[in-house]
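Accompanying notes for the structure given below.
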Amino acid sequence: MQRRVTNVAVRGDAYRRAMRLVDVGGRLIELHIRRSTRVRRHCIHFRNGTAPELVVRPHASEAEIAAAIEYHAPWLERQLANAPQASLALDRLTLTEDQGRREALARISLIAQSEAAALGARFTRITLRDQRSRWGSCSSKGALSFNWRLVLAPHDVLDYVVVHEVCHLVELHHGPAFWRVVAKRRPGYEDSRRWLDEHGWEILAYQPPECAAA
């Protein structure tokens with residue numbers, strides 16, 4: 001049997017995942033290893049634009065981890081083969097997370113205030129987060145939350161997500177009544193939803209530099 005694990009580099013920080021370079025279909029990829037009490041044996045997660053993650057039980061041996069990699073390798077190879085290619089060229093950006101958060105908050109706040117006033121609604125606060133699977137949310141108490149990475153999207157897309165969440169201030173569900181409000185506020189919002197479906201993974205995968213470019 002071909003050995004798939006070609007190198008091991010366990011980071012020194014105990015709070016970070018162990019990382020291994022793994023041969024999948026003749027291609028070296030970075031595979032993160034995370035131990036968890038929530039799994040009985042092992043499972044693997046793959047998201048476009050980010051390193052796949054193998055989750056194993058807390059006391060899994062090296063032999064068990066190697067066997068798990070062998071077990072999941074064919075599936076992972078198929079996922080990699082079918083993964084879309086990045087097209088937004090975000091790797092050329094030098095936007096730090098701090099810069100992105102400041103710009104996102106300024107733009108989101110203006111839209112939220114305007115839309116809430118138009119709907120006769122009020123929100124209690126706006127929070128920016130760094131979720132890996134959500135663009136925004138609205139609580140029953142009127143608290144709005146948004147992914148700061150929306151600042152990397154075209155303005156129409158950011159605008160749609162903000163309007164979407166503000167509309168929840170009057171319709172806290174995703175039923176027909178809610179979508180009628182969204183359509184009234186932003187006719188053609190479907191284009192922005194499609195953009196997120198197609199390119200959202202690239203925004204989520206963006207790795208901001210720690211320091212701003214000189």
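Ligands are numbered from 1 in the order shown, chains are lettered A, B, ... in the order of the structure tokens, and residues start at 1 in each chain.
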All residues 10 Å or closer to A:Trp179, only C-alpha atoms, same chain fewer than 6 positions away omitted, as a compact mmCIF listing (two decimals) with N, CA, C and O atoms, in the first residue's frame:
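Listing of part.txt after writing:
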```txt
# COMPACT_ATOMS: atom_id res chain seq x y z
N HIS A 164 -31.17 41.94 3.77
CA HIS A 164 -31.76 40.66 4.15
C HIS A 164 -31.94 40.58 5.67
O HIS A 164 -33.03 40.26 6.16
N CYS A 167 -34.46 43.11 7.09
CA CYS A 167 -35.84 42.68 6.83
C CYS A 167 -36.33 41.70 7.89
O CYS A 167 -37.54 41.59 8.14
N HIS A 168 -35.40 41.01 8.53
CA HIS A 168 -35.79 40.11 9.62
C HIS A 168 -36.29 40.87 10.84
O HIS A 168 -36.91 40.28 11.73
N GLU A 171 -39.86 40.62 9.78
CA GLU A 171 -40.32 39.25 9.48
C GLU A 171 -39.21 38.29 9.91
O GLU A 171 -38.28 38.03 9.15
N HIS A 173 -38.31 35.25 9.97
CA HIS A 173 -38.45 33.90 9.42
C HIS A 173 -38.05 33.97 7.95
O HIS A 173 -37.67 35.04 7.45
N ARG A 185 -37.68 45.68 -1.20
CA ARG A 185 -36.56 46.55 -0.90
C ARG A 185 -35.43 46.43 -1.92
O ARG A 185 -34.75 47.40 -2.22
N TYR A 189 -32.63 40.76 -6.10
CA TYR A 189 -31.68 40.29 -5.09
C TYR A 189 -31.13 38.91 -5.40
O TYR A 189 -30.08 38.51 -4.89
```
Env of A:Arg78: 12 Å cut, atoms = only C-alpha atoms, seq-sep filter 6 positions within chain, self excluded. Answer as a compact mmCIF listing (two decimals) with N, CA, C and O atoms, in the first residue's frame.
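Here's the written file around_19.txt:
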```
# COMPACT_ATOMS: atom_id res chain seq x y z
N VAL A 24 -2.20 13.03 -2.08
CA VAL A 24 -3.53 12.63 -2.52
C VAL A 24 -3.56 12.68 -4.04
O VAL A 24 -3.53 13.74 -4.64
N GLY A 25 -3.57 11.51 -4.65
CA GLY A 25 -3.58 11.44 -6.12
C GLY A 25 -2.36 12.06 -6.74
O GLY A 25 -2.44 12.68 -7.81
N PHE A 46 -14.17 18.99 4.34
CA PHE A 46 -13.54 19.68 3.22
C PHE A 46 -14.39 20.87 2.82
O PHE A 46 -15.59 20.74 2.61
N HIS A 72 -9.91 7.88 3.98
CA HIS A 72 -10.60 9.04 3.42
C HIS A 72 -9.95 9.57 2.15
O HIS A 72 -10.54 10.42 1.47
```
* Asked: Among stretch 53-173 of chain A, which residues carry a DSSP assignment of helix (DSSP H, G or I), reported as a ChimeraX atom specification?
  -> /A:62-82,90-92,97-119,148-152,155-167
* To do: List every residue of stretch 10-182 of chain A that DSSP, applied to the backbone, labels as strand (DSSP E or B), and write the result as a count of residues only.
  => 37
Give one line per residue of stretch 15-80 of chain A that approaches stretch 205-211 of chain A to at most 9 Å, naming the two atoms of the closest pair and their distance in Å to one decimal, counting only C-alpha atoms; sort by chain then ascending residue number and deliver it as a tab-separated table.
```
residue	atom	partner	partner_atom	distance
A:Arg47	CA	A:Ala205	CA	8.9
A:Asn48	CA	A:Ala205	CA	7.6
A:Gly49	CA	A:Ala205	CA	5.0
A:Thr50	CA	A:Ala205	CA	5.8
```
Stretch 35-154 of chain A near stretch 181-184 of chain A within 12 Å: what's each residue's closest atom pair and its distance in Å to one decimal, counting only C-alpha atoms, ordered by chain then ascending residue number, as a tab-separated table?
```
residue	atom	partner	partner_atom	distance
A:Glu115	CA	A:Val182	CA	10.7
A:Ala118	CA	A:Lys184	CA	11.4
A:Leu119	CA	A:Val181	CA	9.2
```
